[in-house]
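Okay, coords.cif now, which holds mmCIF, C-alpha atoms and all ligand atoms:
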```cif
data_coords
#
loop_
_atom_site.label_atom_id
_atom_site.label_comp_id
_atom_site.auth_asym_id
_atom_site.auth_seq_id
_atom_site.Cartn_x
_atom_site.Cartn_y
_atom_site.Cartn_z
CA MET A 11 -51.57 153.28 -3.51
CA ARG A 12 -51.34 149.59 -4.33
CA ILE A 13 -54.74 148.46 -5.48
CA VAL A 14 -56.27 145.24 -6.77
CA LEU A 15 -59.40 145.53 -8.88
CA MET A 16 -61.68 142.48 -8.97
CA GLY A 17 -65.02 141.68 -10.53
CA PRO A 18 -66.72 139.13 -12.77
CA PRO A 19 -65.97 139.04 -16.50
CA GLY A 20 -67.79 141.90 -18.21
CA ALA A 21 -68.24 144.02 -15.07
CA GLY A 22 -66.23 146.79 -16.73
CA LYS A 23 -63.17 146.10 -14.62
CA GLY A 24 -60.65 146.73 -17.40
CA THR A 25 -62.22 150.00 -18.54
CA GLN A 26 -62.51 151.26 -14.99
CA ALA A 27 -58.95 150.22 -14.16
CA VAL A 28 -57.66 152.36 -17.04
CA LYS A 29 -59.69 155.37 -15.87
CA VAL A 30 -58.75 155.07 -12.22
CA ALA A 31 -55.07 154.53 -13.08
CA GLU A 32 -55.12 157.69 -15.20
CA LYS A 33 -56.80 159.69 -12.47
CA LEU A 34 -54.47 158.46 -9.71
CA GLN A 35 -51.41 158.54 -12.00
CA VAL A 36 -50.39 154.97 -11.26
CA PRO A 37 -49.46 152.15 -13.65
CA HIS A 38 -52.29 149.89 -14.80
CA ILE A 39 -51.19 146.27 -14.82
CA SER A 40 -53.64 143.93 -16.55
CA THR A 41 -52.64 140.27 -16.83
CA GLY A 42 -55.26 139.74 -19.54
CA GLU A 43 -53.75 142.59 -21.55
CA ILE A 44 -50.21 141.28 -21.14
CA PHE A 45 -51.38 137.87 -22.32
CA ARG A 46 -53.20 139.39 -25.31
CA ALA A 47 -50.14 141.47 -26.25
CA ASN A 48 -47.96 138.35 -26.11
CA LEU A 49 -50.50 136.45 -28.17
CA ALA A 50 -50.54 139.18 -30.81
CA ALA A 51 -46.73 139.26 -30.89
CA GLY A 52 -46.51 135.47 -31.12
CA THR A 53 -44.15 135.10 -28.15
CA PRO A 54 -43.70 131.73 -26.38
CA LEU A 55 -45.70 133.13 -23.44
CA GLY A 56 -48.52 134.07 -25.82
CA MET A 57 -48.47 130.65 -27.44
CA GLU A 58 -48.63 129.01 -24.03
CA ALA A 59 -51.54 131.20 -22.87
CA LYS A 60 -53.54 130.94 -26.10
CA ARG A 61 -55.33 127.62 -25.61
CA TYR A 62 -56.40 128.50 -22.08
CA MET A 63 -57.68 131.93 -23.03
CA GLU A 64 -59.60 130.59 -26.00
CA ALA A 65 -61.31 128.03 -23.79
CA GLY A 66 -62.21 130.53 -21.06
CA GLU A 67 -59.85 128.78 -18.62
CA TYR A 68 -57.18 130.34 -16.45
CA VAL A 69 -53.60 130.25 -17.61
CA PRO A 70 -51.62 128.05 -15.16
CA ASP A 71 -50.45 129.83 -12.01
CA GLU A 72 -46.72 129.22 -12.63
CA VAL A 73 -46.92 131.07 -15.94
CA THR A 74 -49.06 133.91 -14.62
CA ASN A 75 -47.18 134.35 -11.35
CA SER A 76 -43.75 134.75 -12.85
CA MET A 77 -45.10 137.20 -15.42
CA VAL A 78 -46.59 139.33 -12.61
CA ALA A 79 -43.45 139.08 -10.48
CA ASP A 80 -41.41 140.44 -13.41
CA ARG A 81 -43.85 143.26 -14.05
CA LEU A 82 -44.09 144.33 -10.39
CA ALA A 83 -40.29 144.43 -10.14
CA GLU A 84 -40.17 147.16 -12.81
CA ALA A 85 -39.32 150.63 -11.56
CA ASP A 86 -42.64 152.30 -12.37
CA ALA A 87 -44.56 149.84 -10.18
CA ALA A 88 -42.53 150.54 -7.06
CA GLY A 89 -44.94 152.02 -4.54
CA CYS A 90 -48.07 152.21 -6.65
CA PHE A 91 -50.11 150.26 -9.17
CA ILE A 92 -53.55 149.01 -10.06
CA LEU A 93 -53.62 145.28 -10.66
CA ASP A 94 -56.47 144.31 -12.97
CA GLY A 95 -57.26 140.61 -13.29
CA TYR A 96 -54.70 139.35 -10.78
CA PRO A 97 -54.87 137.58 -8.38
CA ARG A 98 -57.61 135.21 -9.57
CA THR A 99 -56.86 132.06 -7.55
CA LEU A 100 -56.07 131.47 -3.89
CA ALA A 101 -52.58 130.35 -4.91
CA GLN A 102 -52.11 133.67 -6.72
CA VAL A 103 -53.11 135.53 -3.55
CA GLY A 104 -50.28 133.79 -1.69
CA GLU A 105 -47.87 134.48 -4.53
CA LEU A 106 -48.80 138.16 -4.66
CA ASP A 107 -48.25 138.43 -0.89
CA ALA A 108 -44.82 136.87 -1.35
CA ILE A 109 -43.89 139.08 -4.31
CA LEU A 110 -44.88 142.23 -2.44
CA ALA A 111 -43.21 141.10 0.79
CA GLY A 112 -40.04 140.53 -1.25
CA LEU A 113 -40.32 144.12 -2.47
CA GLY A 114 -40.89 145.30 1.10
CA THR A 115 -44.48 146.35 0.55
CA ALA A 116 -48.12 145.17 0.68
CA LEU A 117 -51.56 145.85 -0.77
CA ASP A 118 -53.53 148.87 0.39
CA LYS A 119 -56.99 148.17 -1.04
CA VAL A 120 -58.91 145.55 -2.96
CA VAL A 121 -61.96 146.76 -4.84
CA GLU A 122 -64.67 144.43 -6.02
CA ILE A 123 -66.85 145.77 -8.81
CA THR A 124 -70.19 144.00 -8.68
CA ALA A 125 -72.50 143.37 -11.63
CA ASN A 126 -75.71 141.64 -12.62
CA THR A 127 -74.95 138.34 -14.39
CA ASP A 128 -77.53 138.65 -17.20
CA GLU A 129 -76.42 142.15 -18.05
CA VAL A 130 -72.81 141.05 -17.96
CA VAL A 131 -73.34 138.23 -20.46
CA ALA A 132 -75.18 140.64 -22.75
CA ARG A 133 -72.30 143.13 -22.48
CA LEU A 134 -69.72 140.48 -23.29
CA LEU A 135 -71.63 139.23 -26.32
CA ASN A 136 -71.86 142.81 -27.50
CA ARG A 137 -68.13 143.31 -27.03
CA ALA A 138 -67.51 140.09 -28.95
CA LEU A 139 -69.42 141.53 -31.90
CA GLU A 140 -67.63 144.87 -31.72
CA GLN A 141 -64.07 143.71 -31.08
CA GLY A 142 -64.12 140.16 -32.39
CA ARG A 143 -62.29 138.81 -29.35
CA ALA A 144 -61.60 135.10 -29.84
CA ASP A 145 -62.39 134.40 -26.19
CA ASP A 146 -65.88 135.89 -26.45
CA THR A 147 -68.17 133.24 -27.90
CA GLU A 148 -71.23 132.54 -25.76
CA GLU A 149 -69.94 129.15 -24.67
CA VAL A 150 -66.58 130.60 -23.64
CA ILE A 151 -68.28 133.50 -21.87
CA ARG A 152 -70.36 131.07 -19.80
CA ARG A 153 -67.25 129.06 -19.00
CA ARG A 154 -65.42 132.21 -17.89
CA MET A 155 -68.30 133.11 -15.58
CA ASP A 156 -68.20 129.61 -14.03
CA VAL A 157 -64.44 129.66 -13.60
CA ASP A 158 -64.71 133.10 -12.00
CA ALA A 159 -67.41 131.91 -9.59
CA GLU A 160 -65.44 128.78 -8.64
CA GLN A 161 -61.90 130.10 -8.44
CA THR A 162 -62.02 133.86 -7.99
CA GLU A 163 -65.15 134.61 -5.93
CA PRO A 164 -63.58 132.98 -2.83
CA LEU A 165 -60.84 135.65 -2.91
CA VAL A 166 -63.38 138.32 -1.96
CA ARG A 167 -63.79 136.72 1.45
CA VAL A 168 -60.03 136.47 2.00
CA TYR A 169 -59.53 140.18 1.36
CA SER A 170 -62.64 141.08 3.32
CA GLU A 171 -61.23 139.23 6.34
CA ARG A 172 -58.03 141.21 5.97
CA GLY A 173 -60.03 144.42 6.11
CA LEU A 174 -58.90 145.50 2.63
CA LEU A 175 -62.12 145.06 0.66
CA LEU A 176 -64.21 147.83 -0.85
CA ILE A 177 -67.35 146.91 -2.81
CA VAL A 178 -68.46 149.18 -5.63
CA ASP A 179 -71.62 148.79 -7.71
CA GLY A 180 -70.50 148.41 -11.33
CA MET A 181 -73.93 148.91 -12.91
CA GLY A 182 -74.90 152.20 -14.54
CA ALA A 183 -73.10 154.74 -16.69
CA MET A 184 -69.36 154.29 -17.06
CA ASP A 185 -68.46 157.71 -15.64
CA GLU A 186 -70.75 157.22 -12.68
CA VAL A 187 -69.02 153.97 -11.83
CA THR A 188 -65.62 155.68 -12.10
CA GLN A 189 -66.80 158.37 -9.68
CA ARG A 190 -68.03 155.71 -7.25
CA LEU A 191 -64.69 153.93 -7.45
CA LEU A 192 -62.66 157.08 -6.85
CA ALA A 193 -64.90 158.09 -3.96
CA ALA A 194 -64.53 154.65 -2.36
CA LEU A 195 -60.74 154.74 -2.75
CA GLU A 196 -60.44 158.24 -1.37
CA ALA A 197 -62.71 157.59 1.65
P1 LIG A 201 -59.07 139.42 -18.75
O1 LIG A 201 -58.80 140.37 -19.87
O2 LIG A 201 -58.61 139.92 -17.42
O3 LIG A 201 -60.50 138.96 -18.71
O4 LIG A 201 -58.19 138.12 -19.05
C1 LIG A 201 -58.33 137.40 -20.25
C2 LIG A 201 -57.85 135.95 -20.07
O5 LIG A 201 -56.46 135.92 -19.70
C3 LIG A 201 -58.54 135.19 -18.95
O6 LIG A 201 -59.78 134.64 -19.37
C4 LIG A 201 -57.51 134.11 -18.64
O7 LIG A 201 -57.50 133.09 -19.63
C5 LIG A 201 -56.22 134.88 -18.78
N1 LIG A 201 -55.86 135.49 -17.48
C6 LIG A 201 -55.87 136.82 -17.14
N2 LIG A 201 -55.49 137.00 -15.88
C7 LIG A 201 -55.25 135.77 -15.37
C8 LIG A 201 -54.86 135.29 -14.08
N3 LIG A 201 -54.65 136.14 -13.07
N4 LIG A 201 -54.70 133.95 -13.94
C9 LIG A 201 -54.91 133.11 -14.95
N5 LIG A 201 -55.31 133.48 -16.16
C10 LIG A 201 -55.48 134.80 -16.38
#
```
Render the structure in this file as structure tokens.
Amino acid sequence: MRIVLMGPPGAGKGTQAVKVAEKLQVPHISTGEIFRANLAAGTPLGMEAKRYMEAGEYVPDEVTNSMVADRLAEADAAGCFILDGYPRTLAQVGELDAILAGLGTALDKVVEITANTDEVVARLLNRALEQGRADDTEEVIRRRMDVDAEQTEPLVRVYSERGLLLIVDGMGAMDEVTQRLLAALEA
């Protein structure tokens, strides 16, 4: 299965993507994680991404797209993957279509995890305290929510019109949400 997982910042998307990927035995591809790994390793890609991430903005499409194209061309991603955090802009949707078409394949499902905004901000602030993520100050969190609403929310409609969209309630206990996700994907 080739799956895209969407949802607002703090909806638990990353955690759920790891769990679902484990359960379905498919690679978990998180653009945020690839950026953070590059940042930690001090690569040119990490240096480029840093200022955008720290401001709660999206890394430019050219940078993100070529990184994803490279990752999806790797052998383990042939046929199955969970994309977490990509696509996030309409341009990225077109690029992903092109990448997959070039590989002779297409998406099977897009899952949107929904969440309550107030609870999400509280969760993110909590995570900031626990993990000390540089992109998790309150101001940056609010900016990330706005950017998500402006640039990524419209993607839900695109995938819905293609008949690919599944909506899963992301509130509640972590394991419950995982069960809901797996049930939706298996239905
Ligand atoms: P995430 O861990 O998915 O919340 O991503 C962390 C940060 O990485 C985001 O706030 C963006 O700055 C950057 N990022 C991740 N995925 C993308 C994407 N698809 N397009 C642009 N920037 C991204």
Nearest candidate to A:Gly20 (options A:Ala132, A:Leu175, A:Leu34, A:Ala197; using only C-alpha atoms):
A:Ala132
Neighbourhood query: residues within 9 Å of (-67.8, 140.1, -8.5), file coordinates, counting all atoms listed in the file; return as a PyMOL selection string.
chain A and resi 16-19+21+122-125+158-159+162-163+166+177
For A:Thr74, the nearest of the candidates A:Arg167, A:Lys29, A:Arg98, A:Arg152, counting all atoms listed in the file:
A:Arg98
Excluding same-chain residues fewer than 4 positions from stretch 192-194 of chain A, what lies within 12 Å of it counting all atoms listed in the file, as a PyMOL selection string?
chain A and resi 13+26-27+29-34+119-123+174-179+185-188
Hey, can you spit out that residue selection with C-alpha atoms as a CSV table (one decimal), in the frame of the given file?
```csv
chain,number,residue,atom,x,y,z
A,13,ILE,CA,-54.7,148.5,-5.5
A,26,GLN,CA,-62.5,151.3,-15.0
A,27,ALA,CA,-59.0,150.2,-14.2
A,29,LYS,CA,-59.7,155.4,-15.9
A,30,VAL,CA,-58.8,155.1,-12.2
A,31,ALA,CA,-55.1,154.5,-13.1
A,32,GLU,CA,-55.1,157.7,-15.2
A,33,LYS,CA,-56.8,159.7,-12.5
A,34,LEU,CA,-54.5,158.5,-9.7
A,119,LYS,CA,-57.0,148.2,-1.0
A,120,VAL,CA,-58.9,145.6,-3.0
A,121,VAL,CA,-62.0,146.8,-4.8
A,122,GLU,CA,-64.7,144.4,-6.0
A,123,ILE,CA,-66.8,145.8,-8.8
A,174,LEU,CA,-58.9,145.5,2.6
A,175,LEU,CA,-62.1,145.1,0.7
A,176,LEU,CA,-64.2,147.8,-0.8
A,177,ILE,CA,-67.4,146.9,-2.8
A,178,VAL,CA,-68.5,149.2,-5.6
A,179,ASP,CA,-71.6,148.8,-7.7
A,185,ASP,CA,-68.5,157.7,-15.6
A,186,GLU,CA,-70.8,157.2,-12.7
A,187,VAL,CA,-69.0,154.0,-11.8
A,188,THR,CA,-65.6,155.7,-12.1
```
Pick out the residues no farther than 6 Å from ligand LIG 201 (chain A), counting all atoms listed in the file, and list them as a PyMOL selection string.
chain A and resi 19+41-43+62-63+66-69+74+95-98
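The space between atom CA of A:Ser76 and atom CA of A:Asp94 spans 15.9 Å.
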Just the number, please: distance in Å from atom CA of A:Glu160 to atom CA of A:Gly173, one decimal.
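About the pair atom CA of A:Glu160 and atom CA of A:Gly173: they are 22.2 Å apart.
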Among the residues A:Gly89, A:Pro70, A:Pro54, A:Pro164, the one that comes closest to A:Val103 [using only C-alpha atoms]
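Of A:Gly89, A:Pro70, A:Pro54, A:Pro164, the one nearest A:Val103 is A:Pro164, counting only C-alpha atoms.
Of note, atom CA of A:Asp71 and atom CA of A:Val130 are spaced 25.7 Å apart.
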So which residues touch A:Thr115 within 10 Å, counting only C-alpha atoms, skipping near sequence neighbours fewer than 5 positions away, as a PDB file with C-alpha atoms, keeping the file's coordinate frame?
```pdb
ATOM      1  CA  ARG A  12     -51.340 149.590  -4.330  1.00  0.00           C
ATOM      2  CA  ALA A  88     -42.530 150.540  -7.060  1.00  0.00           C
ATOM      3  CA  GLY A  89     -44.940 152.020  -4.540  1.00  0.00           C
ATOM      4  CA  CYS A  90     -48.070 152.210  -6.650  1.00  0.00           C
ATOM      5  CA  ASP A 107     -48.250 138.430  -0.890  1.00  0.00           C
ATOM      6  CA  ALA A 108     -44.820 136.870  -1.350  1.00  0.00           C
ATOM      7  CA  ILE A 109     -43.890 139.080  -4.310  1.00  0.00           C
ATOM      8  CA  LEU A 110     -44.880 142.230  -2.440  1.00  0.00           C
TER       9      LEU A 110
END
```
Output as lines of an AutoDock Vina configuration file the centre and edge lengths (Å, one decimal) of the box along x, y and z of the file that holds every listed atom of stretch 76-84 of chain A after adding 4 Å on each side.
```
center_x = -43.4
center_y = 141.0
center_z = -12.8
size_x = 14.4
size_y = 20.4
size_z = 13.3
```
Nearest to A:Leu106: which of A:Glu64, A:Asp80, A:Glu58, A:Glu196 is it, counting all atoms listed in the file?
A:Asp80
